[in-house]
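Note: the block below is final-v2.cif and it holds mmCIF, N, CA and C atoms.
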data_run
loop_
_atom_site.label_atom_id
_atom_site.label_comp_id
_atom_site.auth_asym_id
_atom_site.auth_seq_id
_atom_site.Cartn_x
_atom_site.Cartn_y
_atom_site.Cartn_z
N MET A 38 23.57 15.89 -20.49
CA MET A 38 22.18 16.06 -20.11
C MET A 38 22.03 15.96 -18.59
N SER A 39 22.81 16.70 -17.87
CA SER A 39 22.72 16.63 -16.42
C SER A 39 21.43 17.28 -15.93
N GLY A 40 20.87 16.70 -14.89
CA GLY A 40 19.64 17.21 -14.33
C GLY A 40 18.39 16.77 -15.07
N ALA A 41 18.54 16.05 -16.16
CA ALA A 41 17.39 15.58 -16.93
C ALA A 41 16.90 14.26 -16.35
N HIS A 42 15.65 14.00 -16.56
CA HIS A 42 15.09 12.73 -16.12
C HIS A 42 14.07 12.24 -17.15
N ALA A 43 13.83 10.96 -17.16
CA ALA A 43 12.89 10.38 -18.10
C ALA A 43 11.62 9.99 -17.36
N VAL A 44 10.51 10.25 -17.97
CA VAL A 44 9.23 9.83 -17.42
C VAL A 44 8.81 8.59 -18.18
N LEU A 45 8.56 7.52 -17.48
CA LEU A 45 8.17 6.28 -18.11
C LEU A 45 6.67 6.18 -18.22
N HIS A 46 6.22 5.73 -19.36
CA HIS A 46 4.79 5.48 -19.56
C HIS A 46 4.56 4.01 -19.25
N ASP A 47 3.80 3.74 -18.21
CA ASP A 47 3.57 2.36 -17.76
C ASP A 47 2.10 2.19 -17.38
N PRO A 48 1.19 2.26 -18.36
CA PRO A 48 -0.24 2.20 -18.03
C PRO A 48 -0.68 0.88 -17.40
N GLN A 49 0.02 -0.20 -17.65
CA GLN A 49 -0.34 -1.48 -17.05
C GLN A 49 0.26 -1.66 -15.66
N GLY A 50 1.11 -0.75 -15.24
CA GLY A 50 1.69 -0.82 -13.91
C GLY A 50 2.69 -1.96 -13.74
N LEU A 51 3.35 -2.35 -14.81
CA LEU A 51 4.29 -3.47 -14.74
C LEU A 51 5.51 -3.14 -13.90
N LEU A 52 5.92 -1.89 -13.93
CA LEU A 52 7.10 -1.51 -13.13
C LEU A 52 6.79 -1.50 -11.64
N ASP A 53 5.55 -1.19 -11.28
CA ASP A 53 5.17 -1.16 -9.87
C ASP A 53 5.41 -2.49 -9.18
N ALA A 54 5.17 -3.56 -9.89
CA ALA A 54 5.31 -4.89 -9.29
C ALA A 54 6.77 -5.23 -9.02
N GLU A 55 7.69 -4.57 -9.71
CA GLU A 55 9.10 -4.88 -9.58
C GLU A 55 9.82 -3.99 -8.57
N LEU A 56 9.28 -2.81 -8.30
CA LEU A 56 9.95 -1.87 -7.43
C LEU A 56 9.37 -1.90 -6.02
N PRO A 57 10.23 -1.96 -5.01
CA PRO A 57 9.71 -1.93 -3.64
C PRO A 57 9.20 -0.54 -3.29
N LEU A 58 8.23 -0.49 -2.41
CA LEU A 58 7.69 0.79 -1.96
C LEU A 58 8.72 1.51 -1.09
N ASP A 59 8.78 2.81 -1.24
CA ASP A 59 9.65 3.63 -0.40
C ASP A 59 8.79 4.09 0.77
N ARG A 60 8.56 3.19 1.70
CA ARG A 60 7.53 3.37 2.71
C ARG A 60 7.84 4.43 3.76
N ALA A 61 9.02 4.41 4.32
CA ALA A 61 9.34 5.28 5.46
C ALA A 61 9.12 6.77 5.18
N PRO A 62 9.63 7.31 4.07
CA PRO A 62 9.41 8.75 3.86
C PRO A 62 7.94 9.09 3.63
N HIS A 63 7.20 8.18 3.02
CA HIS A 63 5.78 8.46 2.78
C HIS A 63 4.97 8.36 4.07
N GLU A 64 5.34 7.42 4.91
CA GLU A 64 4.66 7.35 6.20
C GLU A 64 4.96 8.58 7.04
N ALA A 65 6.19 9.08 6.95
CA ALA A 65 6.54 10.31 7.67
C ALA A 65 5.73 11.49 7.13
N LEU A 66 5.56 11.54 5.81
CA LEU A 66 4.75 12.61 5.22
C LEU A 66 3.29 12.50 5.68
N VAL A 67 2.76 11.27 5.68
CA VAL A 67 1.38 11.06 6.14
C VAL A 67 1.23 11.51 7.59
N THR A 68 2.17 11.12 8.43
CA THR A 68 2.12 11.50 9.84
C THR A 68 2.15 13.02 10.00
N ALA A 69 3.01 13.67 9.24
CA ALA A 69 3.11 15.13 9.32
C ALA A 69 1.81 15.79 8.87
N VAL A 70 1.26 15.33 7.76
CA VAL A 70 0.03 15.92 7.24
C VAL A 70 -1.12 15.74 8.22
N LEU A 71 -1.24 14.53 8.78
CA LEU A 71 -2.34 14.28 9.70
C LEU A 71 -2.18 15.00 11.04
N ALA A 72 -0.97 15.47 11.31
CA ALA A 72 -0.73 16.23 12.55
C ALA A 72 -0.94 17.73 12.37
N TRP A 73 -1.17 18.17 11.14
CA TRP A 73 -1.38 19.60 10.89
C TRP A 73 -2.54 20.11 11.72
N LYS A 74 -2.34 21.25 12.34
CA LYS A 74 -3.42 21.91 13.09
C LYS A 74 -4.06 22.99 12.22
N ASP A 75 -3.24 23.92 11.78
CA ASP A 75 -3.75 25.00 10.95
C ASP A 75 -2.65 25.40 9.98
N PRO A 76 -2.40 24.57 8.96
CA PRO A 76 -1.29 24.87 8.06
C PRO A 76 -1.60 26.09 7.19
N ASP A 77 -0.56 26.76 6.82
CA ASP A 77 -0.71 27.94 5.97
C ASP A 77 0.31 27.85 4.84
N LEU A 78 0.02 26.95 3.90
CA LEU A 78 0.91 26.76 2.76
C LEU A 78 0.30 27.38 1.52
N ALA A 79 1.14 27.60 0.54
CA ALA A 79 0.65 28.08 -0.75
C ALA A 79 -0.12 26.95 -1.44
N PRO A 80 -1.13 27.28 -2.24
CA PRO A 80 -1.87 26.24 -2.95
C PRO A 80 -0.98 25.30 -3.77
N SER A 81 0.09 25.84 -4.35
CA SER A 81 1.00 24.98 -5.13
C SER A 81 1.72 23.97 -4.24
N ASP A 82 1.99 24.33 -2.99
CA ASP A 82 2.62 23.39 -2.05
C ASP A 82 1.64 22.27 -1.70
N TYR A 83 0.40 22.63 -1.45
CA TYR A 83 -0.61 21.62 -1.17
C TYR A 83 -0.75 20.67 -2.38
N GLU A 84 -0.76 21.24 -3.58
CA GLU A 84 -0.90 20.42 -4.79
C GLU A 84 0.28 19.47 -4.94
N GLN A 85 1.47 19.95 -4.66
CA GLN A 85 2.66 19.10 -4.77
C GLN A 85 2.59 17.93 -3.79
N ILE A 86 2.21 18.22 -2.57
CA ILE A 86 2.09 17.16 -1.56
C ILE A 86 0.98 16.18 -1.96
N ALA A 87 -0.12 16.72 -2.45
CA ALA A 87 -1.23 15.85 -2.88
C ALA A 87 -0.81 14.96 -4.04
N HIS A 88 -0.04 15.49 -4.98
CA HIS A 88 0.46 14.68 -6.10
C HIS A 88 1.37 13.56 -5.58
N GLN A 89 2.23 13.90 -4.65
CA GLN A 89 3.14 12.90 -4.08
C GLN A 89 2.35 11.77 -3.42
N LEU A 90 1.37 12.13 -2.61
CA LEU A 90 0.56 11.12 -1.92
C LEU A 90 -0.31 10.34 -2.89
N THR A 91 -0.80 10.99 -3.93
CA THR A 91 -1.64 10.32 -4.92
C THR A 91 -0.83 9.25 -5.65
N GLY A 92 0.37 9.62 -6.08
CA GLY A 92 1.22 8.65 -6.77
C GLY A 92 1.56 7.46 -5.89
N HIS A 93 1.86 7.75 -4.65
CA HIS A 93 2.21 6.67 -3.73
C HIS A 93 1.00 5.81 -3.40
N ALA A 94 -0.16 6.43 -3.28
CA ALA A 94 -1.38 5.65 -3.03
C ALA A 94 -1.62 4.66 -4.16
N GLY A 95 -1.36 5.08 -5.40
CA GLY A 95 -1.51 4.18 -6.54
C GLY A 95 -0.56 2.99 -6.45
N ALA A 96 0.68 3.24 -6.02
CA ALA A 96 1.66 2.17 -5.90
C ALA A 96 1.27 1.19 -4.78
N VAL A 97 0.82 1.72 -3.65
CA VAL A 97 0.40 0.86 -2.54
C VAL A 97 -0.84 0.06 -2.95
N ALA A 98 -1.77 0.71 -3.65
CA ALA A 98 -2.98 0.03 -4.11
C ALA A 98 -2.62 -1.14 -5.04
N ALA A 99 -1.60 -0.96 -5.88
CA ALA A 99 -1.17 -2.04 -6.77
C ALA A 99 -0.67 -3.24 -5.95
N ASP A 100 0.06 -2.97 -4.87
CA ASP A 100 0.54 -4.05 -4.01
C ASP A 100 -0.63 -4.72 -3.27
N VAL A 101 -1.58 -3.93 -2.83
CA VAL A 101 -2.77 -4.49 -2.17
C VAL A 101 -3.50 -5.40 -3.14
N GLN A 102 -3.67 -4.96 -4.37
CA GLN A 102 -4.35 -5.77 -5.40
C GLN A 102 -3.61 -7.08 -5.64
N ARG A 103 -2.29 -7.01 -5.75
CA ARG A 103 -1.47 -8.20 -6.00
C ARG A 103 -1.60 -9.21 -4.85
N LEU A 104 -1.54 -8.73 -3.62
CA LEU A 104 -1.65 -9.64 -2.47
C LEU A 104 -3.07 -10.19 -2.32
N ALA A 105 -4.08 -9.37 -2.58
CA ALA A 105 -5.47 -9.84 -2.49
C ALA A 105 -5.71 -10.94 -3.51
N ALA A 106 -5.12 -10.81 -4.68
CA ALA A 106 -5.29 -11.83 -5.72
C ALA A 106 -4.62 -13.15 -5.34
N ALA A 107 -3.64 -13.10 -4.44
CA ALA A 107 -2.93 -14.31 -4.02
C ALA A 107 -3.71 -15.11 -2.98
N LEU A 108 -4.75 -14.51 -2.40
CA LEU A 108 -5.55 -15.21 -1.39
C LEU A 108 -6.62 -16.07 -2.06
N PRO A 109 -7.05 -17.12 -1.40
CA PRO A 109 -8.15 -17.92 -1.94
C PRO A 109 -9.42 -17.06 -2.05
N LYS A 110 -10.25 -17.37 -3.02
CA LYS A 110 -11.49 -16.61 -3.24
C LYS A 110 -12.38 -16.63 -2.00
N SER A 111 -12.29 -17.69 -1.21
CA SER A 111 -13.14 -17.81 -0.02
C SER A 111 -12.66 -16.98 1.16
N ASP A 112 -11.48 -16.38 1.05
CA ASP A 112 -10.92 -15.59 2.14
C ASP A 112 -11.55 -14.20 2.14
N GLY A 113 -12.20 -13.84 3.20
CA GLY A 113 -12.88 -12.55 3.31
C GLY A 113 -11.95 -11.36 3.27
N ARG A 114 -10.69 -11.57 3.61
CA ARG A 114 -9.74 -10.45 3.58
C ARG A 114 -9.53 -9.95 2.15
N GLY A 115 -9.60 -10.85 1.19
CA GLY A 115 -9.49 -10.44 -0.21
C GLY A 115 -10.69 -9.61 -0.63
N ALA A 116 -11.87 -10.01 -0.17
CA ALA A 116 -13.09 -9.26 -0.50
C ALA A 116 -13.04 -7.87 0.14
N LEU A 117 -12.56 -7.78 1.37
CA LEU A 117 -12.43 -6.48 2.02
C LEU A 117 -11.41 -5.61 1.29
N ALA A 118 -10.35 -6.23 0.82
CA ALA A 118 -9.35 -5.47 0.05
C ALA A 118 -9.98 -4.90 -1.22
N GLU A 119 -10.84 -5.66 -1.85
CA GLU A 119 -11.51 -5.16 -3.06
C GLU A 119 -12.39 -3.95 -2.75
N VAL A 120 -13.04 -3.95 -1.60
CA VAL A 120 -13.85 -2.80 -1.19
C VAL A 120 -12.94 -1.58 -0.99
N VAL A 121 -11.82 -1.78 -0.32
CA VAL A 121 -10.86 -0.70 -0.09
C VAL A 121 -10.32 -0.19 -1.43
N LEU A 122 -10.06 -1.10 -2.36
CA LEU A 122 -9.52 -0.69 -3.66
C LEU A 122 -10.55 0.08 -4.47
N ARG A 123 -11.81 -0.30 -4.39
CA ARG A 123 -12.86 0.46 -5.09
C ARG A 123 -12.98 1.87 -4.52
N GLU A 124 -12.92 1.98 -3.20
CA GLU A 124 -12.96 3.30 -2.57
C GLU A 124 -11.74 4.11 -2.98
N THR A 125 -10.60 3.46 -3.03
CA THR A 125 -9.37 4.13 -3.43
C THR A 125 -9.49 4.67 -4.85
N GLU A 126 -10.01 3.85 -5.73
CA GLU A 126 -10.18 4.27 -7.12
C GLU A 126 -11.07 5.52 -7.21
N GLY A 127 -12.15 5.52 -6.47
CA GLY A 127 -13.05 6.67 -6.47
C GLY A 127 -12.40 7.91 -5.92
N ARG A 128 -11.66 7.75 -4.82
CA ARG A 128 -11.03 8.91 -4.20
C ARG A 128 -9.89 9.46 -5.05
N LEU A 129 -9.17 8.57 -5.72
CA LEU A 129 -8.07 9.03 -6.56
C LEU A 129 -8.58 9.68 -7.84
N ALA A 130 -9.80 9.35 -8.24
CA ALA A 130 -10.37 9.94 -9.45
C ALA A 130 -10.83 11.39 -9.21
N ALA A 131 -11.02 11.74 -7.94
CA ALA A 131 -11.43 13.11 -7.63
C ALA A 131 -10.29 14.07 -7.98
N PRO A 132 -10.62 15.22 -8.55
CA PRO A 132 -9.55 16.16 -8.92
C PRO A 132 -8.82 16.69 -7.68
N LEU A 133 -7.53 16.91 -7.87
CA LEU A 133 -6.72 17.48 -6.79
C LEU A 133 -7.03 18.95 -6.63
N LYS A 134 -7.00 19.39 -5.40
CA LYS A 134 -7.19 20.81 -5.09
C LYS A 134 -6.00 21.26 -4.26
N GLY A 135 -5.68 22.48 -4.36
CA GLY A 135 -4.58 23.05 -3.59
C GLY A 135 -5.03 23.45 -2.20
N THR A 136 -5.59 22.47 -1.46
CA THR A 136 -6.11 22.76 -0.12
C THR A 136 -5.62 21.73 0.89
N ALA A 137 -5.63 22.12 2.15
CA ALA A 137 -5.26 21.20 3.22
C ALA A 137 -6.22 20.01 3.31
N PRO A 138 -7.56 20.21 3.19
CA PRO A 138 -8.45 19.05 3.27
C PRO A 138 -8.19 18.01 2.17
N CYS A 139 -7.83 18.46 0.98
CA CYS A 139 -7.51 17.52 -0.10
C CYS A 139 -6.27 16.71 0.26
N VAL A 140 -5.24 17.38 0.75
CA VAL A 140 -4.00 16.70 1.12
C VAL A 140 -4.27 15.74 2.28
N ARG A 141 -5.05 16.17 3.25
CA ARG A 141 -5.37 15.33 4.41
C ARG A 141 -6.12 14.07 3.95
N SER A 142 -7.02 14.22 3.00
CA SER A 142 -7.77 13.09 2.47
C SER A 142 -6.84 12.08 1.81
N ARG A 143 -5.87 12.57 1.05
CA ARG A 143 -4.91 11.67 0.39
C ARG A 143 -4.02 10.98 1.43
N ALA A 144 -3.66 11.70 2.48
CA ALA A 144 -2.83 11.11 3.53
C ALA A 144 -3.61 10.00 4.25
N GLN A 145 -4.88 10.23 4.52
CA GLN A 145 -5.71 9.20 5.16
C GLN A 145 -5.85 7.98 4.26
N LEU A 146 -5.92 8.21 2.97
CA LEU A 146 -6.03 7.11 2.01
C LEU A 146 -4.75 6.26 2.03
N VAL A 147 -3.60 6.91 2.00
CA VAL A 147 -2.34 6.17 2.05
C VAL A 147 -2.26 5.37 3.35
N GLN A 148 -2.66 5.99 4.45
CA GLN A 148 -2.65 5.31 5.75
C GLN A 148 -3.54 4.06 5.73
N ALA A 149 -4.74 4.18 5.17
CA ALA A 149 -5.67 3.05 5.09
C ALA A 149 -5.12 1.95 4.18
N LEU A 150 -4.50 2.35 3.08
CA LEU A 150 -3.92 1.35 2.17
C LEU A 150 -2.78 0.59 2.82
N TYR A 151 -1.92 1.29 3.56
CA TYR A 151 -0.84 0.60 4.26
C TYR A 151 -1.38 -0.35 5.32
N SER A 152 -2.44 0.04 6.00
CA SER A 152 -3.06 -0.84 6.98
C SER A 152 -3.56 -2.11 6.32
N ARG A 153 -4.23 -1.96 5.19
CA ARG A 153 -4.74 -3.13 4.45
C ARG A 153 -3.57 -3.96 3.92
N LEU A 154 -2.52 -3.30 3.41
CA LEU A 154 -1.35 -4.01 2.89
C LEU A 154 -0.70 -4.86 3.97
N ASP A 155 -0.57 -4.32 5.17
CA ASP A 155 0.04 -5.07 6.27
C ASP A 155 -0.79 -6.30 6.62
N ARG A 156 -2.11 -6.15 6.66
CA ARG A 156 -2.97 -7.29 6.98
C ARG A 156 -2.89 -8.36 5.89
N LEU A 157 -2.85 -7.94 4.65
CA LEU A 157 -2.76 -8.90 3.55
C LEU A 157 -1.40 -9.58 3.51
N THR A 158 -0.35 -8.84 3.83
CA THR A 158 0.99 -9.43 3.85
C THR A 158 1.04 -10.56 4.88
N GLU A 159 0.47 -10.32 6.05
CA GLU A 159 0.41 -11.35 7.09
C GLU A 159 -0.44 -12.54 6.62
N ALA A 160 -1.57 -12.26 5.99
CA ALA A 160 -2.48 -13.33 5.55
C ALA A 160 -1.84 -14.19 4.46
N VAL A 161 -1.17 -13.57 3.52
CA VAL A 161 -0.53 -14.32 2.43
C VAL A 161 0.62 -15.15 2.99
N ALA A 162 1.39 -14.58 3.90
CA ALA A 162 2.50 -15.33 4.50
C ALA A 162 1.98 -16.54 5.28
N ALA A 163 0.87 -16.37 6.00
CA ALA A 163 0.30 -17.47 6.78
C ALA A 163 -0.32 -18.53 5.87
N ALA A 164 -0.78 -18.13 4.70
CA ALA A 164 -1.46 -19.06 3.80
C ALA A 164 -0.50 -19.83 2.91
N LYS A 165 0.77 -19.43 2.89
CA LYS A 165 1.74 -20.11 2.03
C LYS A 165 1.96 -21.53 2.54
N PRO A 166 1.91 -22.50 1.64
CA PRO A 166 2.18 -23.88 2.06
C PRO A 166 3.67 -24.05 2.35
N PRO A 167 4.02 -25.05 3.13
CA PRO A 167 5.43 -25.30 3.41
C PRO A 167 6.17 -25.61 2.11
N THR A 168 7.46 -25.34 2.09
CA THR A 168 8.22 -25.55 0.86
C THR A 168 8.56 -27.02 0.64
N ARG A 169 8.55 -27.81 1.70
CA ARG A 169 8.84 -29.25 1.57
C ARG A 169 7.65 -30.02 2.13
N PRO A 170 7.25 -31.11 1.48
CA PRO A 170 6.06 -31.86 1.92
C PRO A 170 6.13 -32.33 3.37
N HIS A 171 7.30 -32.73 3.85
CA HIS A 171 7.39 -33.24 5.22
C HIS A 171 7.18 -32.14 6.26
N GLN A 172 7.32 -30.89 5.87
CA GLN A 172 7.14 -29.80 6.83
C GLN A 172 5.69 -29.69 7.28
N ALA A 173 4.76 -30.02 6.42
CA ALA A 173 3.34 -29.89 6.77
C ALA A 173 2.96 -30.85 7.88
N GLU A 174 3.43 -32.07 7.79
CA GLU A 174 3.03 -33.05 8.79
C GLU A 174 3.78 -32.87 10.10
N ASN A 175 4.92 -32.22 10.07
CA ASN A 175 5.72 -32.06 11.27
C ASN A 175 5.62 -30.66 11.88
N ARG A 176 4.78 -29.82 11.32
CA ARG A 176 4.66 -28.45 11.81
C ARG A 176 4.27 -28.45 13.30
N GLY A 177 5.04 -27.74 14.09
CA GLY A 177 4.73 -27.61 15.50
C GLY A 177 5.36 -28.71 16.36
N ASN A 178 5.90 -29.73 15.74
CA ASN A 178 6.51 -30.82 16.50
C ASN A 178 7.98 -30.47 16.80
N THR A 179 8.44 -30.97 17.92
CA THR A 179 9.86 -30.82 18.24
C THR A 179 10.58 -32.07 17.81
N VAL A 180 11.91 -32.04 17.86
CA VAL A 180 12.69 -33.21 17.46
C VAL A 180 12.33 -34.41 18.32
N SER A 181 12.13 -34.21 19.62
CA SER A 181 11.82 -35.33 20.49
C SER A 181 10.42 -35.90 20.18
N ASP A 182 9.51 -35.09 19.66
CA ASP A 182 8.18 -35.58 19.28
C ASP A 182 8.25 -36.50 18.06
N LEU A 183 9.27 -36.32 17.25
CA LEU A 183 9.37 -37.07 16.00
C LEU A 183 10.05 -38.42 16.18
N ARG A 184 10.64 -38.67 17.31
CA ARG A 184 11.35 -39.95 17.54
C ARG A 184 10.39 -41.04 17.88
#
Encoding of this model in structure tokens:
Amino acid sequence: MSGAHAVLHDPQGLLDAELPLDRAPHEALVTAVLAWKDPDLAPSDYEQIAHQLTGHAGAVAADVQRLAAALPKSDGRGALAEVVLRETEGRLAAPLKGTAPCVRSRAQLVQALYSRLDRLTEAVAAAKPPTRPHQAENRGNTVSDLR
């Protein structure tokens, strides 16, 4: 069965949480799409690119959701992420068209999701408590300060 592939049905998105994002090629695609001046591609090419960006936007949105959920409810960054996710849901629900504006819209969405993901990654890392209790009280102190 060479050349065959299996399509997995994963409506709960359980596999997304386990697989790392393939960020570099998608960011390169986003950069290329947003740099288009007057592209002249076949509608099927636009649709293929839009499908690629749509799928990746869903994967990035899942990571944004996971990180937003890790923040305290009082953290405004989580609330902002929810706004971005609602907008993402609405934009992804729109039917794909074989046009440059549709592809550009999906590229802008991926770009915005990565921006939010980066901010949330920093916020979650900063909010993590120290792994050992003594680290909290000694944070920022040097060895000579502790003597």
*Show which residues sit within 8 Å of A:Asp82, as a list in words. Count all atoms listed in the file, and ignore same-chain residues fewer than 6 positions away.*
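In the requested form, the answer reads His88, Gly135 and Thr136 of chain A.
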Output of the above residues as a PDB file, in the frame of the given file, restricted to N, CA and C atoms:
ATOM      1  N   HIS A  88      -0.040  15.490  -4.980  1.00  0.00           N
ATOM      2  CA  HIS A  88       0.460  14.680  -6.100  1.00  0.00           C
ATOM      3  C   HIS A  88       1.370  13.560  -5.580  1.00  0.00           C
ATOM      4  N   GLY A 135      -5.680  22.480  -4.360  1.00  0.00           N
ATOM      5  CA  GLY A 135      -4.580  23.050  -3.590  1.00  0.00           C
ATOM      6  C   GLY A 135      -5.030  23.450  -2.200  1.00  0.00           C
ATOM      7  N   THR A 136      -5.590  22.470  -1.460  1.00  0.00           N
ATOM      8  CA  THR A 136      -6.110  22.760  -0.120  1.00  0.00           C
ATOM      9  C   THR A 136      -5.620  21.730   0.890  1.00  0.00           C
TER      10      THR A 136
END
*asked:* So, with only C-alpha atoms as the atoms that count, which of A:Ala79, A:Ala107, A:Ala94, A:Ala61 lies closest to A:Ala162?
replied: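 Among the listed residues, A:Ala107 lies closest to A:Ala162.
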Any chance you could tabulate, as a Markdown table, the residues of stretch 118-137 of chain A at most 12 Å from stretch 152-155 of chain A with each one's nearest atom pair and distance in Å to one decimal, using only C-alpha atoms, in chain and rising number order?
| residue | atom | partner | partner_atom | distance |
| --- | --- | --- | --- | --- |
| A:Ala118 | CA | A:Arg153 | CA | 6.8 |
| A:Glu119 | CA | A:Arg153 | CA | 10.3 |
| A:Val120 | CA | A:Arg153 | CA | 10.7 |
| A:Val121 | CA | A:Arg153 | CA | 8.0 |
| A:Leu122 | CA | A:Arg153 | CA | 9.7 |
| A:Thr125 | CA | A:Arg153 | CA | 11.7 |
*Which one is closest to A:Ala164: A:Arg141, A:Leu90, A:Arg60, A:Leu108? Count only N, CA and C atoms.*
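With only N, CA and C atoms as the atom set, the closest residue is A:Leu108.
Put simply, the PyMOL selection byres (((chain A and resi 144 and name CA) around 7) and name CA) in this file takes in A:Val67, A:Val70, A:Leu71, A:Leu90, A:Val140, A:Arg141, A:Ser142, A:Arg143, A:Gln145, A:Leu146, A:Val147, A:Gln148.
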*Interatomic distance between atom CA of A:Pro62 and atom CA of A:Ala163?*
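The value is 27.9 Å.
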*DSSP alpha helix (DSSP H) selection over stretch 40-143 of chain A, as a ChimeraX atom specification*: /A:60-72,80-107,113-130,137-143
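Across the model, the gap from atom C of A:Leu150 to atom N of A:Val101 is 7.3 Å.
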